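Enquirer: Take this structure, written in structure tokens, and hold onto it; I'll ask about it next.
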Amino acid sequence: MDMPGKDEYVYGYEYEFDLENPFTSPADEPIASLLDAEAHHAPSVSAAASAVRRDAARFISKVRYDGELAVHPRVAYLALNYVDRFLSKGQLPFERKPWAPRLLAISCLSIAAKMQRVDAISMDYIQRDEEFMFDAVTIQRMERVVLGALEWRARSVTPLAFLGFFLSACFPPPRHLALLDAVKERAVDLLLRAQPEVKMAEFSPSVVAASALLAAAGEIAVAHLPAFQAAVAACPFEKLRECGEVMAAVCGVVGVSLGPAASAETPVTVLGHGHYRSASSESDRTVGSAANVADAKKRCMGPPSQSQWG
């Protein structure tokens with residue numbers, strides 16, 4: 001998977017970063033590549049639960065919902081993802097300073113806006129209510145600290161990147177474009193709303209995406225829901241049920257039951273790839289033998305057979 005390097009960030013963007021397609025060039029096996037990469041882009045639970053993250057998330061949320069500024073929701077989403085990834089890599093410089101979370105949030109908002117190629121955010125304006133403002137040089141210096149910690153991998157693999165795969169591989173035919181677009185749009189809304197919740201960091205991006213799509217289908221495509229559930233349940237997800245419950249509580253939606261087929265939890269993510277967080281540890285672990293991977297691919301790759309819609 002090709003990611004932009006340092007020169008691309010510093011001197012301008014050859015590509016606009018699409019959160020739903022983080023690749024800069026086509027991959028032979030897009031979903032397998034995403035699943036291989038998601039472990040390196042997901043936040044740690046300890047970082048998501050930190051006071052710095054809480055304060056940074058609060059500032060980003062305030063900017064997002066500022067009616068006069070109207071920062072695009074996906075810019076705010078990507079900015080908080082950068083905050084999470086950065087904090088998962090190590091300690092924030094000057095962490096004990098009360099202004100440190102705000103500097104981190106502002107820098108991540110600036111990077112996200114550049115990656116999304118939207119109009120530049122006025123750094124003075126978003127700081128207008130603060131006791132003091134960071135100047136452009138300080139913000140740019142912090143941007144480089146963040147990007148250095150991320151190894152200049154600014155094209156994050158988030159739950160948004162998995163939506164297309166699940167809709168194409170698991171949603172039952174006939175796949176009417178208007179219906180798929182509606183389900184996807186609602187799933188994106190749920191993902192944006194659920195992201196600040198600390199407990200969402202316990203789940204891999206692929207699992208979060210599947211949970212959002214199931215919840216969206218439960219609201220918009222009820223007639224298709226049983227078949228969609230059956231196809232998703234055929235994939236060996238870790239903690240899908242728990243993720244759905246957290247999302248339902250955070251977003252105020254009705255949780256979707258996966259039925260008996262998904263009642264047994266398994267420490268293997270979809271396709272057998274990805275990272276595993278046990279209840280006793282916050283560290284990332286790769287699990288699943290080669291046999292598990294091969295078996296999972298047989299069950300999940302490509303559109304399910306018609307028999308699954310029975």
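FYI, nothing fancy with the structure tokens labels: chains A, B, ... in order, residues from 1 per chain, ligands from 1 as they appear.
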Need the shell around Ala113 in chain A: protein/DNA/RNA residues with any atom at most 10 Å away, counting only C-alpha atoms. Skip same-chain ones fewer than 3 positions apart. Format as a ChimeraX atom specification?
Expert: /A:71-72,74-76,78-79,107-110,116-121
Enquirer: As an MDAnalysis selection string, please: the residues near Ile106 in chain A (cut-off 12 Å, only C-alpha atoms, same-chain neighbours under 2 positions excluded).
Expert: chainID A and resid 55:64 75:76 79:80 82:83 99:104 108:113 121:127 133:136 138:143 146
Enquirer: Write a file of the just-selected residues containing N, CA and C atoms, as a CSV table (one decimal), in the first residue's frame.
Expert:
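Once everything was written out, this is again35.csv:
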chain,number,residue,atom,x,y,z
A,55,ASP,N,-9.4,16.5,26.5
A,55,ASP,CA,-9.4,17.9,26.3
A,55,ASP,C,-9.2,18.3,24.8
A,56,ALA,N,-8.4,17.5,24.1
A,56,ALA,CA,-8.2,17.8,22.7
A,56,ALA,C,-9.5,17.5,21.9
A,57,ALA,N,-10.2,16.4,22.3
A,57,ALA,CA,-11.5,16.0,21.6
A,57,ALA,C,-12.5,17.1,21.9
A,58,ARG,N,-12.5,17.7,23.1
A,58,ARG,CA,-13.5,18.7,23.4
A,58,ARG,C,-13.2,20.0,22.5
A,59,PHE,N,-12.0,20.3,22.3
A,59,PHE,CA,-11.7,21.5,21.5
A,59,PHE,C,-12.1,21.2,20.1
A,60,ILE,N,-11.7,20.0,19.5
A,60,ILE,CA,-12.1,19.7,18.1
A,60,ILE,C,-13.6,19.7,18.0
A,61,SER,N,-14.3,19.2,18.9
A,61,SER,CA,-15.8,19.2,18.9
A,61,SER,C,-16.3,20.6,18.9
A,62,LYS,N,-15.8,21.5,19.7
A,62,LYS,CA,-16.2,22.8,19.8
A,62,LYS,C,-16.0,23.5,18.4
A,63,VAL,N,-14.9,23.3,17.8
A,63,VAL,CA,-14.6,23.9,16.5
A,63,VAL,C,-15.6,23.3,15.4
A,64,ARG,N,-15.8,22.0,15.5
A,64,ARG,CA,-16.7,21.4,14.5
A,64,ARG,C,-18.1,22.0,14.5
A,75,VAL,N,-13.1,16.5,8.4
A,75,VAL,CA,-11.9,17.2,8.9
A,75,VAL,C,-11.7,16.9,10.4
A,76,ALA,N,-12.8,17.2,11.1
A,76,ALA,CA,-12.8,17.0,12.5
A,76,ALA,C,-12.5,15.5,12.9
A,79,ALA,N,-8.9,14.7,12.2
A,79,ALA,CA,-8.1,15.4,13.2
A,79,ALA,C,-8.1,14.6,14.5
A,80,LEU,N,-9.2,14.1,15.0
A,80,LEU,CA,-9.2,13.4,16.2
A,80,LEU,C,-8.5,12.0,16.0
A,82,TYR,N,-5.9,11.6,14.2
A,82,TYR,CA,-4.5,12.0,14.3
A,82,TYR,C,-4.1,12.1,15.8
A,83,VAL,N,-5.0,12.8,16.6
A,83,VAL,CA,-4.7,12.9,18.0
A,83,VAL,C,-4.6,11.5,18.7
A,99,TRP,N,-2.1,24.1,28.2
A,99,TRP,CA,-2.4,24.5,26.8
A,99,TRP,C,-2.0,23.4,25.8
A,100,ALA,N,-1.3,22.3,26.3
A,100,ALA,CA,-0.8,21.3,25.4
A,100,ALA,C,-1.9,20.6,24.6
A,101,PRO,N,-3.0,20.2,25.2
A,101,PRO,CA,-4.0,19.5,24.4
A,101,PRO,C,-4.5,20.4,23.3
A,102,ARG,N,-4.7,21.7,23.6
A,102,ARG,CA,-5.2,22.6,22.5
A,102,ARG,C,-4.2,22.7,21.4
A,103,LEU,N,-2.9,22.8,21.7
A,103,LEU,CA,-1.9,22.9,20.6
A,103,LEU,C,-2.0,21.6,19.8
A,104,LEU,N,-2.1,20.5,20.4
A,104,LEU,CA,-2.2,19.2,19.7
A,104,LEU,C,-3.4,19.2,18.8
A,108,CYS,N,-3.5,19.1,14.7
A,108,CYS,CA,-4.1,18.0,14.0
A,108,CYS,C,-5.3,18.5,13.1
A,109,LEU,N,-6.0,19.5,13.5
A,109,LEU,CA,-7.0,20.1,12.6
A,109,LEU,C,-6.3,20.7,11.3
A,110,SER,N,-5.2,21.3,11.5
A,110,SER,CA,-4.5,21.9,10.4
A,110,SER,C,-4.0,20.9,9.4
A,111,ILE,N,-3.5,19.8,9.9
A,111,ILE,CA,-3.0,18.7,9.1
A,111,ILE,C,-4.2,18.1,8.3
A,112,ALA,N,-5.3,17.8,9.1
A,112,ALA,CA,-6.5,17.2,8.5
A,112,ALA,C,-7.1,18.1,7.4
A,113,ALA,N,-7.1,19.4,7.6
A,113,ALA,CA,-7.7,20.3,6.5
A,113,ALA,C,-6.8,20.2,5.3
A,121,ILE,N,-8.2,26.5,7.6
A,121,ILE,CA,-8.8,26.9,8.8
A,121,ILE,C,-8.1,28.1,9.3
A,122,SER,N,-8.9,29.1,9.7
A,122,SER,CA,-8.3,30.3,10.3
A,122,SER,C,-7.8,29.9,11.8
A,123,MET,N,-6.5,29.8,12.0
A,123,MET,CA,-6.0,29.5,13.3
A,123,MET,C,-6.3,30.6,14.3
A,124,ASP,N,-6.3,31.8,13.9
A,124,ASP,CA,-6.7,32.9,14.8
A,124,ASP,C,-8.1,32.8,15.2
A,125,TYR,N,-9.0,32.5,14.3
A,125,TYR,CA,-10.4,32.5,14.5
A,125,TYR,C,-10.8,31.4,15.5
A,126,ILE,N,-10.3,30.2,15.3
A,126,ILE,CA,-10.7,29.1,16.2
A,126,ILE,C,-10.1,29.2,17.6
A,127,GLN,N,-9.1,30.2,17.8
A,127,GLN,CA,-8.6,30.5,19.1
A,127,GLN,C,-9.1,31.8,19.7
A,133,MET,N,-3.1,33.0,22.0
A,133,MET,CA,-3.2,32.2,20.8
A,133,MET,C,-1.8,31.7,20.4
A,134,PHE,N,-1.7,30.6,19.8
A,134,PHE,CA,-0.5,30.0,19.2
A,134,PHE,C,-0.3,30.7,17.9
A,135,ASP,N,1.0,31.0,17.6
A,135,ASP,CA,1.2,31.6,16.3
A,135,ASP,C,1.5,30.5,15.3
A,136,ALA,N,1.6,30.9,14.0
A,136,ALA,CA,1.7,30.0,12.9
A,136,ALA,C,3.0,29.1,13.0
A,138,THR,N,4.6,28.2,15.7
A,138,THR,CA,4.4,27.2,16.8
A,138,THR,C,3.5,26.0,16.3
A,139,ILE,N,2.5,26.4,15.6
A,139,ILE,CA,1.5,25.3,15.1
A,139,ILE,C,2.2,24.5,14.1
A,140,GLN,N,3.0,25.1,13.2
A,140,GLN,CA,3.7,24.3,12.2
A,140,GLN,C,4.7,23.4,12.8
A,141,ARG,N,5.4,23.9,13.8
A,141,ARG,CA,6.4,23.1,14.5
A,141,ARG,C,5.7,21.8,15.1
A,142,MET,N,4.5,22.0,15.7
A,142,MET,CA,3.8,20.9,16.3
A,142,MET,C,3.3,20.0,15.3
A,143,GLU,N,2.9,20.5,14.1
A,143,GLU,CA,2.5,19.6,13.0
A,143,GLU,C,3.6,18.6,12.7
A,146,VAL,N,3.9,15.9,15.3
A,146,VAL,CA,2.8,14.9,15.1
A,146,VAL,C,3.1,14.0,13.9
Enquirer: Quick one: residues within 9 Å of range 182-191 of chain A, only C-alpha atoms counted, chain neighbours fewer than 2 positions away excluded, as a ChimeraX atom specification?
Expert: /A:77,159-160,163-164,167,177-180,193-195,208-209,211-217,219-221,247,251
Enquirer: Enter the distance from CA of Asp181 in chain A to CA of Pro196 in chain A, in Å, rounded to one decimal.
Expert: 24.4 Å
Enquirer: Enumerate as an MDAnalysis selection string all residues of range 104-208 of chain A assigned to helix (DSSP H, G or I) by DSSP on the backbone, naming them with the chain letters and numbers the document uses.
Expert: chainID A and resid 104:116 123:126 136:149 159:170 177:194 198:202 205:208
Enquirer: Could you tell me how far CA of Ala227 in chain A lies from CA of Cys170 in chain A, in Å and to one decimal?
Expert: 8.3 Å
Enquirer: How many Å lie between CA of Arg54 in chain A and CA of Glu131 in chain A, rounded to one decimal?
Expert: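 It comes out at 19.5 Å.
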Enquirer: What's the 8 Å shell around Val246 in chain A, counting only C-alpha atoms, without same-chain residues fewer than 3 positions away, as a PyMOL selection string?
Expert: chain A and resi 199-200+242-243+249-250
